[in-house]
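Visitor: Dropping the structure in here first, questions after.
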Amino acid sequence: GDMRTASVWGVLPCLWAVRPNYTDPGYWNRTYAEKRNATFDWLLQWADLKPVVGHLMPKDARILQLGCGNSRLAEDLAKDGFEDVLSVDISAAVIADMKAKYASVHPTLKWEVADVTDMRAVESRNFSVAVDKGTWDALPKTLSRKYLTELRRVLVESGRFICVTFSPPEISRRYFLEAGWPCEHHSVPNPHKDQLGDGLESSIKTLQVYVCKNEDSQEDPEEEDLQEALATS
């Protein structure tokens with residue numbers, strides 16, 4: 001078929017203004033049915049992300065991609081020498097498409113239908129790295145703690161959760177610290193910022209990468225808030 005890489009950057013304001021129910025599998029099944037021959041990578045591609053987190057990912061890492069959609073991330077990881085990658089998504093339609101697409105060209109890639117807040121198909125303590133590109137943004141924050149609890153379960157001890165998001169540190173980092181995870185934060189210029197035009201929020205022109213470690217943090221989110229308040233007062 002005609003392989004195209006979709007671009008959404010010009011319509012981001014519209015997406016933010018009318019927010020669909022992203023937790024509904026039916027929404028994603030309809031969306032992917034309309035774009036069966038397209039691929040789309042939210043936020044960053046592997047080439048953009050690798051300089052930030054590649055040093056944390058040895059080639060024998062067991063990698064879990066969370067909310068994969070029709071992203072090329074698993075393909076790009078396979079081409080880069082990562083052979084143990086499981087991608088999950090709430091949409092059965094997109095998982096069926098991705099299985100069929102990569103069955104012969106990248107047979108080591110694995111695909112499962114799963115809700116990231118309740119990944120019953122995923123074994124406990126089974127992955128050294130979990131990667132989220134945009135799924136954190138799609139989930140309502142009422143489900144965030146449930147999601148992080150599931151990640152705690154599926155990651156090995158000291159495994160990494162890599163989260164790529166629009167969400168700024170003052171919002172997201174607190175969730176990670178409250179969950180008890182040590183968390184590093186990196187700001188990365190949006191590689192599509194030149195397509196965004198003027199007048200859009202600066203939060204869209206800069207992307208955030210959080211690297212959380214699956215171990216108990218010594219940081220106190222209340223203490224951190226106090227220190228930040230003192231530093232800015």
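Labeling convention for the structure tokens: chains A, B, ... as they appear, residues from 1 per chain, ligands from 1 in order of appearance.
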If you count only C-alpha atoms, which residues fall within 12 Å of range 174-184 of chain A, apart from same-chain ones fewer than 3 positions away, as an MDAnalysis selection string?

Guide: chainID A and resid 52:53 136 141:152 157:163 167:171 187 208:225

Visitor: Write down as number ranges by chain the residues of range 30-157 of chain A whose backbone DSSP state falls under strand (DSSP E or B).

Guide: A: 38-39, 63-66, 85-89, 110-113, 115, 118, 127-133, 155-157

Visitor: Go ahead and compute the interatomic distance for CA of Ile95 in chain A and CA of Lys50 in chain A, in Å to one decimal.

Guide: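 Interatomic distance, CA of Ile95 in chain A to CA of Lys50 in chain A: 24.5 Å.
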
Visitor: Quick check, in Å to one decimal: how far apart do CA of Glu75 in chain A and CA of Lys59 in chain A lie?

Guide: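 Computing it gives 14.2 Å between the two atoms.
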
Visitor: Any idea what's packed within 10 Å of Phe82 in chain A, counting only C-alpha atoms, ignoring anything in its chain fewer than 5 positions away? Could you give it as a list in words?

Guide: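 Using only C-alpha atoms, the neighbours found are Met57, Pro58, Lys59, Asp60, Ala61, Arg62, Ile63, Ala74, Glu75, Asp76, Leu77, Thr108 and Leu109 of chain A.
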
Visitor: Save out the residues we just selected, all heavy atoms, as an mmCIF file, in the first residue's frame.

Guide:
```
data_model
loop_
_atom_site.group_PDB
_atom_site.id
_atom_site.type_symbol
_atom_site.label_atom_id
_atom_site.label_comp_id
_atom_site.auth_asym_id
_atom_site.auth_seq_id
_atom_site.Cartn_x
_atom_site.Cartn_y
_atom_site.Cartn_z
ATOM 1 N N MET A 57 19.571 2.111 27.417
ATOM 2 C CA MET A 57 18.921 0.996 26.736
ATOM 3 C C MET A 57 19.948 0.108 26.040
ATOM 4 O O MET A 57 20.224 0.296 24.855
ATOM 5 C CB MET A 57 17.884 1.526 25.738
ATOM 6 C CG MET A 57 16.779 2.337 26.407
ATOM 7 S SD MET A 57 15.690 3.193 25.235
ATOM 8 C CE MET A 57 14.970 1.823 24.343
ATOM 9 N N PRO A 58 20.520 -0.864 26.752
ATOM 10 C CA PRO A 58 21.406 -1.828 26.084
ATOM 11 C C PRO A 58 20.628 -2.633 25.051
ATOM 12 O O PRO A 58 19.409 -2.774 25.147
ATOM 13 C CB PRO A 58 21.903 -2.703 27.232
ATOM 14 C CG PRO A 58 20.877 -2.565 28.300
ATOM 15 C CD PRO A 58 20.331 -1.178 28.180
ATOM 16 N N LYS A 59 21.321 -3.149 24.059
ATOM 17 C CA LYS A 59 20.649 -3.835 22.949
ATOM 18 C C LYS A 59 19.864 -5.062 23.390
ATOM 19 O O LYS A 59 18.939 -5.503 22.706
ATOM 20 C CB LYS A 59 21.675 -4.219 21.872
ATOM 21 C CG LYS A 59 22.197 -3.025 21.064
ATOM 22 C CD LYS A 59 21.086 -2.370 20.262
ATOM 23 C CE LYS A 59 21.603 -1.401 19.216
ATOM 24 N NZ LYS A 59 22.131 -0.157 19.753
ATOM 25 N N ASP A 60 20.221 -5.657 24.542
ATOM 26 C CA ASP A 60 19.475 -6.824 25.007
ATOM 27 C C ASP A 60 18.332 -6.451 25.955
ATOM 28 O O ASP A 60 17.725 -7.320 26.586
ATOM 29 C CB ASP A 60 20.408 -7.825 25.694
ATOM 30 C CG ASP A 60 21.080 -7.245 26.942
ATOM 31 O OD1 ASP A 60 20.962 -6.030 27.185
ATOM 32 O OD2 ASP A 60 21.727 -8.022 27.663
ATOM 33 N N ALA A 61 18.011 -5.160 26.037
ATOM 34 C CA ALA A 61 16.921 -4.709 26.907
ATOM 35 C C ALA A 61 15.587 -5.282 26.440
ATOM 36 O O ALA A 61 15.328 -5.386 25.232
ATOM 37 C CB ALA A 61 16.854 -3.182 26.917
ATOM 38 N N ARG A 62 14.758 -5.649 27.405
ATOM 39 C CA ARG A 62 13.378 -6.028 27.092
ATOM 40 C C ARG A 62 12.541 -4.758 27.171
ATOM 41 O O ARG A 62 12.418 -4.141 28.236
ATOM 42 C CB ARG A 62 12.860 -7.077 28.067
ATOM 43 C CG ARG A 62 13.696 -8.327 28.112
ATOM 44 C CD ARG A 62 12.960 -9.474 28.785
ATOM 45 N NE ARG A 62 11.981 -10.050 27.856
ATOM 46 C CZ ARG A 62 11.202 -11.084 28.139
ATOM 47 N NH1 ARG A 62 11.239 -11.638 29.339
ATOM 48 N NH2 ARG A 62 10.357 -11.565 27.253
ATOM 49 N N ILE A 63 11.951 -4.361 26.052
ATOM 50 C CA ILE A 63 11.305 -3.050 25.929
ATOM 51 C C ILE A 63 9.799 -3.220 25.758
ATOM 52 O O ILE A 63 9.334 -4.036 24.970
ATOM 53 C CB ILE A 63 11.893 -2.270 24.730
ATOM 54 C CG1 ILE A 63 13.407 -2.069 24.928
ATOM 55 C CG2 ILE A 63 11.192 -0.919 24.569
ATOM 56 C CD1 ILE A 63 14.100 -1.521 23.707
ATOM 57 N N ALA A 74 8.678 0.764 17.190
ATOM 58 C CA ALA A 74 9.133 -0.627 17.294
ATOM 59 C C ALA A 74 9.991 -0.995 16.084
ATOM 60 O O ALA A 74 11.032 -1.652 16.220
ATOM 61 C CB ALA A 74 7.934 -1.567 17.409
ATOM 62 N N GLU A 75 9.565 -0.584 14.902
ATOM 63 C CA GLU A 75 10.346 -0.835 13.682
ATOM 64 C C GLU A 75 11.729 -0.189 13.776
ATOM 65 O O GLU A 75 12.752 -0.822 13.472
ATOM 66 C CB GLU A 75 9.597 -0.287 12.462
ATOM 67 C CG GLU A 75 10.380 -0.377 11.170
ATOM 68 C CD GLU A 75 9.679 0.308 10.002
ATOM 69 O OE1 GLU A 75 8.463 0.613 10.116
ATOM 70 O OE2 GLU A 75 10.350 0.545 8.985
ATOM 71 N N ASP A 76 11.763 1.071 14.214
ATOM 72 C CA ASP A 76 13.038 1.779 14.317
ATOM 73 C C ASP A 76 13.945 1.138 15.364
ATOM 74 O O ASP A 76 15.169 1.063 15.176
ATOM 75 C CB ASP A 76 12.798 3.254 14.656
ATOM 76 C CG ASP A 76 12.153 4.020 13.508
ATOM 77 O OD1 ASP A 76 12.221 3.533 12.366
ATOM 78 O OD2 ASP A 76 11.578 5.094 13.762
ATOM 79 N N LEU A 77 13.364 0.676 16.460
ATOM 80 C CA LEU A 77 14.155 -0.017 17.483
ATOM 81 C C LEU A 77 14.719 -1.329 16.916
ATOM 82 O O LEU A 77 15.889 -1.658 17.140
ATOM 83 C CB LEU A 77 13.297 -0.304 18.710
ATOM 84 C CG LEU A 77 12.953 0.901 19.588
ATOM 85 C CD1 LEU A 77 11.900 0.520 20.627
ATOM 86 C CD2 LEU A 77 14.185 1.459 20.279
ATOM 87 N N THR A 108 10.541 -10.642 15.063
ATOM 88 C CA THR A 108 10.801 -10.676 16.516
ATOM 89 C C THR A 108 9.916 -9.703 17.283
ATOM 90 O O THR A 108 9.781 -9.823 18.506
ATOM 91 C CB THR A 108 12.276 -10.346 16.827
ATOM 92 O OG1 THR A 108 12.566 -9.009 16.394
ATOM 93 C CG2 THR A 108 13.210 -11.331 16.145
ATOM 94 N N LEU A 109 9.321 -8.734 16.589
ATOM 95 C CA LEU A 109 8.460 -7.764 17.265
ATOM 96 C C LEU A 109 7.170 -8.439 17.722
ATOM 97 O O LEU A 109 6.581 -9.236 16.998
ATOM 98 C CB LEU A 109 8.140 -6.596 16.334
ATOM 99 C CG LEU A 109 9.330 -5.719 15.916
ATOM 100 C CD1 LEU A 109 8.872 -4.647 14.940
ATOM 101 C CD2 LEU A 109 10.014 -5.101 17.127
#
```

Visitor: Considering only C-alpha atoms, return as a PyMOL selection string whatever protein or nucleic-acid residues lie within 8 Å of Val116 in chain A, sequence-local ones (same chain, fewer than 5 positions apart) excluded.

Guide: chain A and resi 66-67+88-90+147+150

Visitor: Using only C-alpha atoms, find the one residue out of A:Cys68, A:Leu56, A:Leu86, A:Ala103 that sits nearest to Ala121 in chain A.

Guide: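 Result for the nearest residue to Ala121 in chain A: A:Leu86.
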
Visitor: Please report the interatomic distance between CA of Gln45 in chain A and CA of Leu73 in chain A in Å with one decimal.

Guide: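 Separating CA of Gln45 in chain A from CA of Leu73 in chain A is a distance of 6.7 Å.
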
Visitor: As a ChimeraX atom specification, which residues of range 143-220 of chain A does DSSP assign to helix (DSSP H, G or I)?

Guide: /A:143-154,169-178,193-195,202-205
